[in-house]
Amino acid sequence: MVTDYYVPKDIEGDKKSLQFKVFIRLNAKNVKFKNVSFMHCVFDGCYINNCVFDGCDFTGCRFVGSNFHQTTFAGCDFRYATFERTFIDHEVLESEAPREENLRMHFSRSLRMNYQQLGDAKSVNKAISIELGATSAYLYKSWLSKETYYKKKYGGVLKSTLQFLRWLEFWVLHAIWGNGESILKLIRSLAFILIGITVYDTFKNGSPSDLSHYWDNLFQAPAIFFGIVSPPNFSTGVLSIITGAKFVSFALLTTLLVKRFSRR
């Protein structure tokens with residue numbers, strides 16, 4: 001355990017002496033750490049100001065209540081690292097994230113929760129974006145990839161089928177409302193519903209070859225969607241589907257808005 005220590009000068013090439021340490025209130029300013037291994041260390045209440053970490057190994061590290069003010073990282077290894085209440089620039093999400101999809105997913109998730117604890121909405125949104133991208137790639141590879149890792153973990157028809165269904169669910173939810181992160185995608189989904197109502201109404205009570213009927217029915221589609229109008233040519237089953245879609249849309253919109261405002 002190293003407590004209340006101030007790093008006085010640059011450190012380079014130290015691969016052993018700083019591993020498996022618990023750093024409490026470690027301080028450093030304008031110091032460069034190059035090719036240093038901090039494997040499985042704990043940084044608790046540390047303040048690292050305007051420093052540079054170049055090619056350092058943070059595998060399995062835990063960062064708690066620390067501040068990396070204006071500190072940069074280049075070519076560092078953050079596999080299995082976790083973060084709690086730590087101020088660290090969100091650029092590490094792109095520049096230092098592990099290449100493996102599952103590790104990238106856990107890395108961005110840990111930082112997302114960290115930024116939520118700090119109330120940093122912008123960084124939370126960025127972390128979520130990277131987490132969703134990594135999750136999508138991981139689920140896709142889990143049922144289709146021929147890589148050894150995925151073949152060993154998800155080999156066989158049953159496992160690959162389950163992963164395909166998980167990927168399909170993820171893809172559908174992402175298309176509908178960006179997995180709870182995109183108002184624009186939800187609006188797009190609502191637009192498709194209105195277009196569907198328009199087309200159905202035109203085919204059931206109009207001339208499909210007459211474009212003016214589509215235009216007129218498009219103006220009526222919102223009233224049908226909100227239940228203000230119930231056309232006689234719409235069957236009970238179709239109206240039930242529209243009503244269900246309306247309630248689901250309202251629920252998704254409410255959830256999305258609550259998630260957005262809760263980060264403020």
# chains A, B, ... in the order shown; residues from 1 in each chain; ligands from 1
>>> select_by_dssp(residues="region 40-250 of chain A", states="strand (DSSP E)", output="compact mmCIF listing (two decimals) with N, CA and C atoms, in the first residue's frame")
# COMPACT_ATOMS: atom_id res chain seq x y z
N VAL A 42 -5.03 -0.46 -7.39
CA VAL A 42 -6.19 0.31 -6.97
C VAL A 42 -5.76 1.76 -6.79
N PHE A 43 -6.46 2.66 -7.47
CA PHE A 43 -6.20 4.10 -7.33
C PHE A 43 -7.37 4.69 -6.55
N ASP A 44 -7.12 5.01 -5.29
CA ASP A 44 -8.18 5.48 -4.40
C ASP A 44 -7.89 6.91 -3.95
N TYR A 47 -4.93 12.08 -7.18
CA TYR A 47 -5.05 13.30 -8.00
C TYR A 47 -3.87 13.35 -8.96
N ILE A 48 -4.16 13.11 -10.23
CA ILE A 48 -3.13 13.08 -11.27
C ILE A 48 -3.42 14.24 -12.22
N ASN A 49 -2.60 15.27 -12.16
CA ASN A 49 -2.88 16.53 -12.87
C ASN A 49 -1.93 16.72 -14.05
N VAL A 52 0.89 12.39 -18.44
CA VAL A 52 0.78 11.61 -19.67
C VAL A 52 1.08 10.15 -19.35
N PHE A 53 0.19 9.26 -19.77
CA PHE A 53 0.41 7.82 -19.65
C PHE A 53 0.55 7.27 -21.06
N ASP A 54 1.74 6.82 -21.39
CA ASP A 54 2.05 6.35 -22.75
C ASP A 54 2.40 4.86 -22.70
N ARG A 62 -8.56 -0.73 -10.59
CA ARG A 62 -9.81 -0.15 -10.05
C ARG A 62 -9.54 1.30 -9.68
N PHE A 63 -10.35 2.18 -10.25
CA PHE A 63 -10.20 3.62 -10.01
C PHE A 63 -11.39 4.10 -9.18
N VAL A 64 -11.10 4.60 -7.99
CA VAL A 64 -12.17 5.01 -7.07
C VAL A 64 -11.93 6.44 -6.59
N THR A 72 -3.70 12.73 -20.15
CA THR A 72 -3.94 12.04 -21.41
C THR A 72 -3.40 10.62 -21.37
N PHE A 73 -4.02 9.76 -22.17
CA PHE A 73 -3.62 8.36 -22.27
C PHE A 73 -3.41 8.02 -23.74
N ALA A 74 -2.35 7.26 -24.01
CA ALA A 74 -2.05 6.87 -25.39
C ALA A 74 -1.53 5.43 -25.40
N THR A 82 -12.12 -1.01 -13.89
CA THR A 82 -13.41 -0.48 -13.46
C THR A 82 -13.22 0.92 -12.89
N PHE A 83 -14.29 1.71 -12.98
CA PHE A 83 -14.22 3.12 -12.57
C PHE A 83 -15.41 3.47 -11.67
N GLU A 84 -15.13 4.22 -10.61
CA GLU A 84 -16.17 4.70 -9.70
C GLU A 84 -15.85 6.13 -9.29
>>> residues_around(residues="Leu139 (chain A)", least_positions_apart="2", cutoff="9 Å", atoms="only C-alpha atoms", output="PyMOL selection string")
chain A and resi 134-137+141-144+163-164+166-168+170
>>> select_by_dssp(residues="region 2-244 of chain A", states="alpha helix (DSSP H)", output="MDAnalysis selection string")
chainID A and resid 92:95 101:118 121:144 148:153 157:177 183:204 211:225 236:244
>>> closest_residue(among="A:Val238, A:Met105, A:Leu211, A:Leu184", to="Tyr138 (chain A)", atoms="only C-alpha atoms")
A:Met105
>>> residues_around(residues="region 28-38 of chain A", least_positions_apart="4", cutoff="12 Å", atoms="only C-alpha atoms", output="PyMOL selection string")
chain A and resi 4-23+42-43+46-63+66-79+81
>>> write_last_selection(atoms="C-alpha atoms", output="mmCIF file, in the first residue's frame")
data_model
loop_
_atom_site.group_PDB
_atom_site.id
_atom_site.type_symbol
_atom_site.label_atom_id
_atom_site.label_comp_id
_atom_site.auth_asym_id
_atom_site.auth_seq_id
_atom_site.Cartn_x
_atom_site.Cartn_y
_atom_site.Cartn_z
ATOM 1 C CA ASP A 4 0.114 10.102 0.372
ATOM 2 C CA TYR A 5 2.977 9.810 -2.084
ATOM 3 C CA TYR A 6 3.936 12.525 -4.577
ATOM 4 C CA VAL A 7 5.569 11.355 -7.818
ATOM 5 C CA PRO A 8 8.517 13.745 -8.307
ATOM 6 C CA LYS A 9 9.731 12.771 -11.792
ATOM 7 C CA ASP A 10 8.991 10.842 -14.972
ATOM 8 C CA ILE A 11 8.861 7.054 -14.813
ATOM 9 C CA GLU A 12 9.738 4.876 -17.791
ATOM 10 C CA GLY A 13 9.979 1.139 -18.399
ATOM 11 C CA ASP A 14 8.953 -0.012 -14.909
ATOM 12 C CA LYS A 15 7.210 -3.330 -15.531
ATOM 13 C CA LYS A 16 7.232 -4.888 -12.055
ATOM 14 C CA SER A 17 7.643 -2.638 -9.015
ATOM 15 C CA LEU A 18 4.312 -0.818 -9.447
ATOM 16 C CA GLN A 19 2.107 -3.866 -10.017
ATOM 17 C CA PHE A 20 -0.489 -5.081 -7.481
ATOM 18 C CA LYS A 21 -0.321 -1.885 -5.429
ATOM 19 C CA VAL A 22 -2.978 0.091 -3.599
ATOM 20 C CA PHE A 23 -2.386 3.798 -4.175
ATOM 21 C CA VAL A 42 -6.194 0.315 -6.966
ATOM 22 C CA PHE A 43 -6.202 4.097 -7.335
ATOM 23 C CA CYS A 46 -5.657 9.976 -6.267
ATOM 24 C CA TYR A 47 -5.052 13.300 -8.000
ATOM 25 C CA ILE A 48 -3.135 13.080 -11.272
ATOM 26 C CA ASN A 49 -2.876 16.528 -12.867
ATOM 27 C CA ASN A 50 -1.754 17.204 -16.445
ATOM 28 C CA CYS A 51 0.172 13.950 -16.748
ATOM 29 C CA VAL A 52 0.780 11.606 -19.675
ATOM 30 C CA PHE A 53 0.410 7.822 -19.651
ATOM 31 C CA ASP A 54 2.046 6.346 -22.745
ATOM 32 C CA GLY A 55 1.840 2.602 -23.362
ATOM 33 C CA CYS A 56 0.943 1.824 -19.745
ATOM 34 C CA ASP A 57 -0.796 -1.329 -18.552
ATOM 35 C CA PHE A 58 -3.903 -0.806 -16.389
ATOM 36 C CA THR A 59 -5.226 -4.360 -16.712
ATOM 37 C CA GLY A 60 -7.621 -5.170 -13.875
ATOM 38 C CA CYS A 61 -7.180 -1.780 -12.218
ATOM 39 C CA ARG A 62 -9.806 -0.153 -10.052
ATOM 40 C CA PHE A 63 -10.197 3.620 -10.009
ATOM 41 C CA SER A 66 -9.801 9.800 -8.280
ATOM 42 C CA ASN A 67 -9.184 12.782 -10.538
ATOM 43 C CA PHE A 68 -7.152 12.618 -13.757
ATOM 44 C CA HIS A 69 -7.433 16.332 -14.509
ATOM 45 C CA GLN A 70 -6.166 17.166 -18.027
ATOM 46 C CA THR A 71 -4.335 13.849 -18.094
ATOM 47 C CA THR A 72 -3.941 12.040 -21.414
ATOM 48 C CA PHE A 73 -3.619 8.362 -22.265
ATOM 49 C CA ALA A 74 -2.048 6.866 -25.388
ATOM 50 C CA GLY A 75 -1.789 3.185 -26.242
ATOM 51 C CA CYS A 76 -2.743 2.024 -22.747
ATOM 52 C CA ASP A 77 -4.356 -1.290 -21.816
ATOM 53 C CA PHE A 78 -7.568 -0.939 -19.773
ATOM 54 C CA ARG A 79 -8.860 -4.501 -20.020
ATOM 55 C CA ALA A 81 -10.544 -2.001 -15.458
#
>>> decode(residues="region 61-203 of chain A", atoms="C-alpha atoms", output="mmCIF file, in the first residue's frame")
data_model
loop_
_atom_site.group_PDB
_atom_site.id
_atom_site.type_symbol
_atom_site.label_atom_id
_atom_site.label_comp_id
_atom_site.auth_asym_id
_atom_site.auth_seq_id
_atom_site.Cartn_x
_atom_site.Cartn_y
_atom_site.Cartn_z
ATOM 1 C CA CYS A 61 -7.180 -1.780 -12.218
ATOM 2 C CA ARG A 62 -9.806 -0.153 -10.052
ATOM 3 C CA PHE A 63 -10.197 3.620 -10.009
ATOM 4 C CA VAL A 64 -12.171 5.007 -7.071
ATOM 5 C CA GLY A 65 -12.826 8.656 -6.288
ATOM 6 C CA SER A 66 -9.801 9.800 -8.280
ATOM 7 C CA ASN A 67 -9.184 12.782 -10.538
ATOM 8 C CA PHE A 68 -7.152 12.618 -13.757
ATOM 9 C CA HIS A 69 -7.433 16.332 -14.509
ATOM 10 C CA GLN A 70 -6.166 17.166 -18.027
ATOM 11 C CA THR A 71 -4.335 13.849 -18.094
ATOM 12 C CA THR A 72 -3.941 12.040 -21.414
ATOM 13 C CA PHE A 73 -3.619 8.362 -22.265
ATOM 14 C CA ALA A 74 -2.048 6.866 -25.388
ATOM 15 C CA GLY A 75 -1.789 3.185 -26.242
ATOM 16 C CA CYS A 76 -2.743 2.024 -22.747
ATOM 17 C CA ASP A 77 -4.356 -1.290 -21.816
ATOM 18 C CA PHE A 78 -7.568 -0.939 -19.773
ATOM 19 C CA ARG A 79 -8.860 -4.501 -20.020
ATOM 20 C CA TYR A 80 -11.004 -5.479 -17.003
ATOM 21 C CA ALA A 81 -10.544 -2.001 -15.458
ATOM 22 C CA THR A 82 -13.413 -0.480 -13.455
ATOM 23 C CA PHE A 83 -14.218 3.119 -12.566
ATOM 24 C CA GLU A 84 -16.173 4.696 -9.704
ATOM 25 C CA ARG A 85 -16.635 8.434 -9.146
ATOM 26 C CA THR A 86 -13.472 9.139 -11.127
ATOM 27 C CA PHE A 87 -12.891 12.234 -13.255
ATOM 28 C CA ILE A 88 -11.314 11.055 -16.493
ATOM 29 C CA ASP A 89 -11.647 12.502 -19.989
ATOM 30 C CA HIS A 90 -14.257 10.737 -22.117
ATOM 31 C CA GLU A 91 -11.753 10.535 -24.988
ATOM 32 C CA VAL A 92 -10.479 7.291 -23.417
ATOM 33 C CA LEU A 93 -13.740 5.700 -24.556
ATOM 34 C CA GLU A 94 -12.551 5.783 -28.157
ATOM 35 C CA SER A 95 -8.773 5.945 -27.919
ATOM 36 C CA GLU A 96 -8.157 3.389 -25.148
ATOM 37 C CA ALA A 97 -11.090 0.974 -25.308
ATOM 38 C CA PRO A 98 -10.089 -2.709 -25.675
ATOM 39 C CA ARG A 99 -10.385 -4.166 -29.154
ATOM 40 C CA GLU A 100 -12.334 -7.240 -28.081
ATOM 41 C CA GLU A 101 -16.063 -6.542 -28.315
ATOM 42 C CA ASN A 102 -16.951 -8.074 -24.941
ATOM 43 C CA LEU A 103 -14.166 -6.184 -23.134
ATOM 44 C CA ARG A 104 -15.023 -2.954 -24.962
ATOM 45 C CA MET A 105 -18.631 -3.432 -23.875
ATOM 46 C CA HIS A 106 -17.699 -3.861 -20.186
ATOM 47 C CA PHE A 107 -15.173 -1.002 -20.351
ATOM 48 C CA SER A 108 -17.710 1.465 -21.752
ATOM 49 C CA ARG A 109 -20.387 0.233 -19.333
ATOM 50 C CA SER A 110 -18.130 0.844 -16.345
ATOM 51 C CA LEU A 111 -17.327 4.346 -17.583
ATOM 52 C CA ARG A 112 -21.009 5.009 -18.282
ATOM 53 C CA MET A 113 -21.892 4.212 -14.678
ATOM 54 C CA ASN A 114 -18.915 6.289 -13.547
ATOM 55 C CA TYR A 115 -20.058 9.337 -15.519
ATOM 56 C CA GLN A 116 -23.599 8.877 -14.221
ATOM 57 C CA GLN A 117 -22.249 9.107 -10.676
ATOM 58 C CA LEU A 118 -20.549 12.371 -11.624
ATOM 59 C CA GLY A 119 -23.614 13.761 -13.420
ATOM 60 C CA ASP A 120 -21.720 14.158 -16.701
ATOM 61 C CA ALA A 121 -24.572 13.745 -19.213
ATOM 62 C CA LYS A 122 -22.447 14.322 -22.324
ATOM 63 C CA SER A 123 -19.944 11.626 -21.392
ATOM 64 C CA VAL A 124 -22.762 9.260 -20.392
ATOM 65 C CA ASN A 125 -24.307 9.576 -23.854
ATOM 66 C CA LYS A 126 -20.967 8.914 -25.519
ATOM 67 C CA ALA A 127 -20.342 5.868 -23.331
ATOM 68 C CA ILE A 128 -23.801 4.506 -24.138
ATOM 69 C CA SER A 129 -23.199 4.941 -27.865
ATOM 70 C CA ILE A 130 -19.950 2.966 -27.710
ATOM 71 C CA GLU A 131 -21.486 0.351 -25.418
ATOM 72 C CA LEU A 132 -24.382 -0.226 -27.816
ATOM 73 C CA GLY A 133 -22.018 -0.510 -30.767
ATOM 74 C CA ALA A 134 -19.872 -3.060 -28.941
ATOM 75 C CA THR A 135 -22.939 -5.011 -27.803
ATOM 76 C CA SER A 136 -24.306 -5.152 -31.340
ATOM 77 C CA ALA A 137 -20.993 -6.377 -32.750
ATOM 78 C CA TYR A 138 -20.613 -8.942 -29.978
ATOM 79 C CA LEU A 139 -24.105 -10.390 -30.404
ATOM 80 C CA TYR A 140 -23.677 -10.512 -34.183
ATOM 81 C CA LYS A 141 -20.356 -12.348 -33.971
ATOM 82 C CA SER A 142 -21.629 -14.688 -31.252
ATOM 83 C CA TRP A 143 -23.899 -16.538 -33.695
ATOM 84 C CA LEU A 144 -22.109 -15.976 -37.010
ATOM 85 C CA SER A 145 -18.376 -15.542 -36.462
ATOM 86 C CA LYS A 146 -15.912 -18.372 -37.052
ATOM 87 C CA GLU A 147 -13.417 -16.936 -34.567
ATOM 88 C CA THR A 148 -12.158 -19.436 -31.995
ATOM 89 C CA TYR A 149 -13.457 -17.491 -28.997
ATOM 90 C CA TYR A 150 -17.041 -17.426 -30.285
ATOM 91 C CA LYS A 151 -16.940 -21.001 -31.592
ATOM 92 C CA LYS A 152 -15.862 -22.302 -28.177
ATOM 93 C CA LYS A 153 -18.330 -20.216 -26.180
ATOM 94 C CA TYR A 154 -21.348 -20.396 -28.486
ATOM 95 C CA GLY A 155 -20.716 -23.542 -30.478
ATOM 96 C CA GLY A 156 -23.617 -25.805 -31.357
ATOM 97 C CA VAL A 157 -27.005 -25.187 -32.918
ATOM 98 C CA LEU A 158 -28.838 -24.379 -29.671
ATOM 99 C CA LYS A 159 -26.391 -21.770 -28.373
ATOM 100 C CA SER A 160 -25.940 -20.102 -31.743
ATOM 101 C CA THR A 161 -29.726 -19.980 -32.235
ATOM 102 C CA LEU A 162 -30.224 -18.347 -28.831
ATOM 103 C CA GLN A 163 -27.554 -15.780 -29.653
ATOM 104 C CA PHE A 164 -29.207 -15.106 -33.000
ATOM 105 C CA LEU A 165 -32.505 -14.429 -31.220
ATOM 106 C CA ARG A 166 -30.744 -12.095 -28.761
ATOM 107 C CA TRP A 167 -29.094 -10.262 -31.637
ATOM 108 C CA LEU A 168 -32.423 -10.037 -33.497
ATOM 109 C CA GLU A 169 -34.138 -8.605 -30.404
ATOM 110 C CA PHE A 170 -31.329 -6.084 -29.973
ATOM 111 C CA TRP A 171 -31.504 -5.099 -33.650
ATOM 112 C CA VAL A 172 -35.301 -4.656 -33.618
ATOM 113 C CA LEU A 173 -35.223 -2.513 -30.463
ATOM 114 C CA HIS A 174 -32.348 -0.511 -31.896
ATOM 115 C CA ALA A 175 -34.334 0.135 -35.073
ATOM 116 C CA ILE A 176 -37.485 1.122 -33.155
ATOM 117 C CA TRP A 177 -36.013 3.496 -30.571
ATOM 118 C CA GLY A 178 -32.246 3.080 -30.509
ATOM 119 C CA ASN A 179 -32.479 0.847 -27.434
ATOM 120 C CA GLY A 180 -33.859 3.729 -25.442
ATOM 121 C CA GLU A 181 -31.355 6.314 -26.633
ATOM 122 C CA SER A 182 -32.791 7.902 -29.784
ATOM 123 C CA ILE A 183 -35.852 10.138 -29.937
ATOM 124 C CA LEU A 184 -35.349 10.479 -33.695
ATOM 125 C CA LYS A 185 -35.629 6.721 -34.224
ATOM 126 C CA LEU A 186 -38.804 6.617 -32.152
ATOM 127 C CA ILE A 187 -40.253 9.463 -34.248
ATOM 128 C CA ARG A 188 -39.244 7.550 -37.368
ATOM 129 C CA SER A 189 -41.055 4.465 -36.064
ATOM 130 C CA LEU A 190 -44.181 6.537 -35.415
ATOM 131 C CA ALA A 191 -43.938 7.899 -38.961
ATOM 132 C CA PHE A 192 -43.862 4.337 -40.324
ATOM 133 C CA ILE A 193 -46.970 3.519 -38.281
ATOM 134 C CA LEU A 194 -48.813 6.513 -39.734
ATOM 135 C CA ILE A 195 -47.726 5.530 -43.240
ATOM 136 C CA GLY A 196 -48.980 1.998 -42.592
ATOM 137 C CA ILE A 197 -52.355 3.347 -41.465
ATOM 138 C CA THR A 198 -52.479 5.535 -44.579
ATOM 139 C CA VAL A 199 -51.762 2.656 -46.946
ATOM 140 C CA TYR A 200 -54.270 0.355 -45.223
ATOM 141 C CA ASP A 201 -56.969 3.022 -45.254
ATOM 142 C CA THR A 202 -56.360 3.753 -48.933
ATOM 143 C CA PHE A 203 -56.562 0.100 -49.958
#
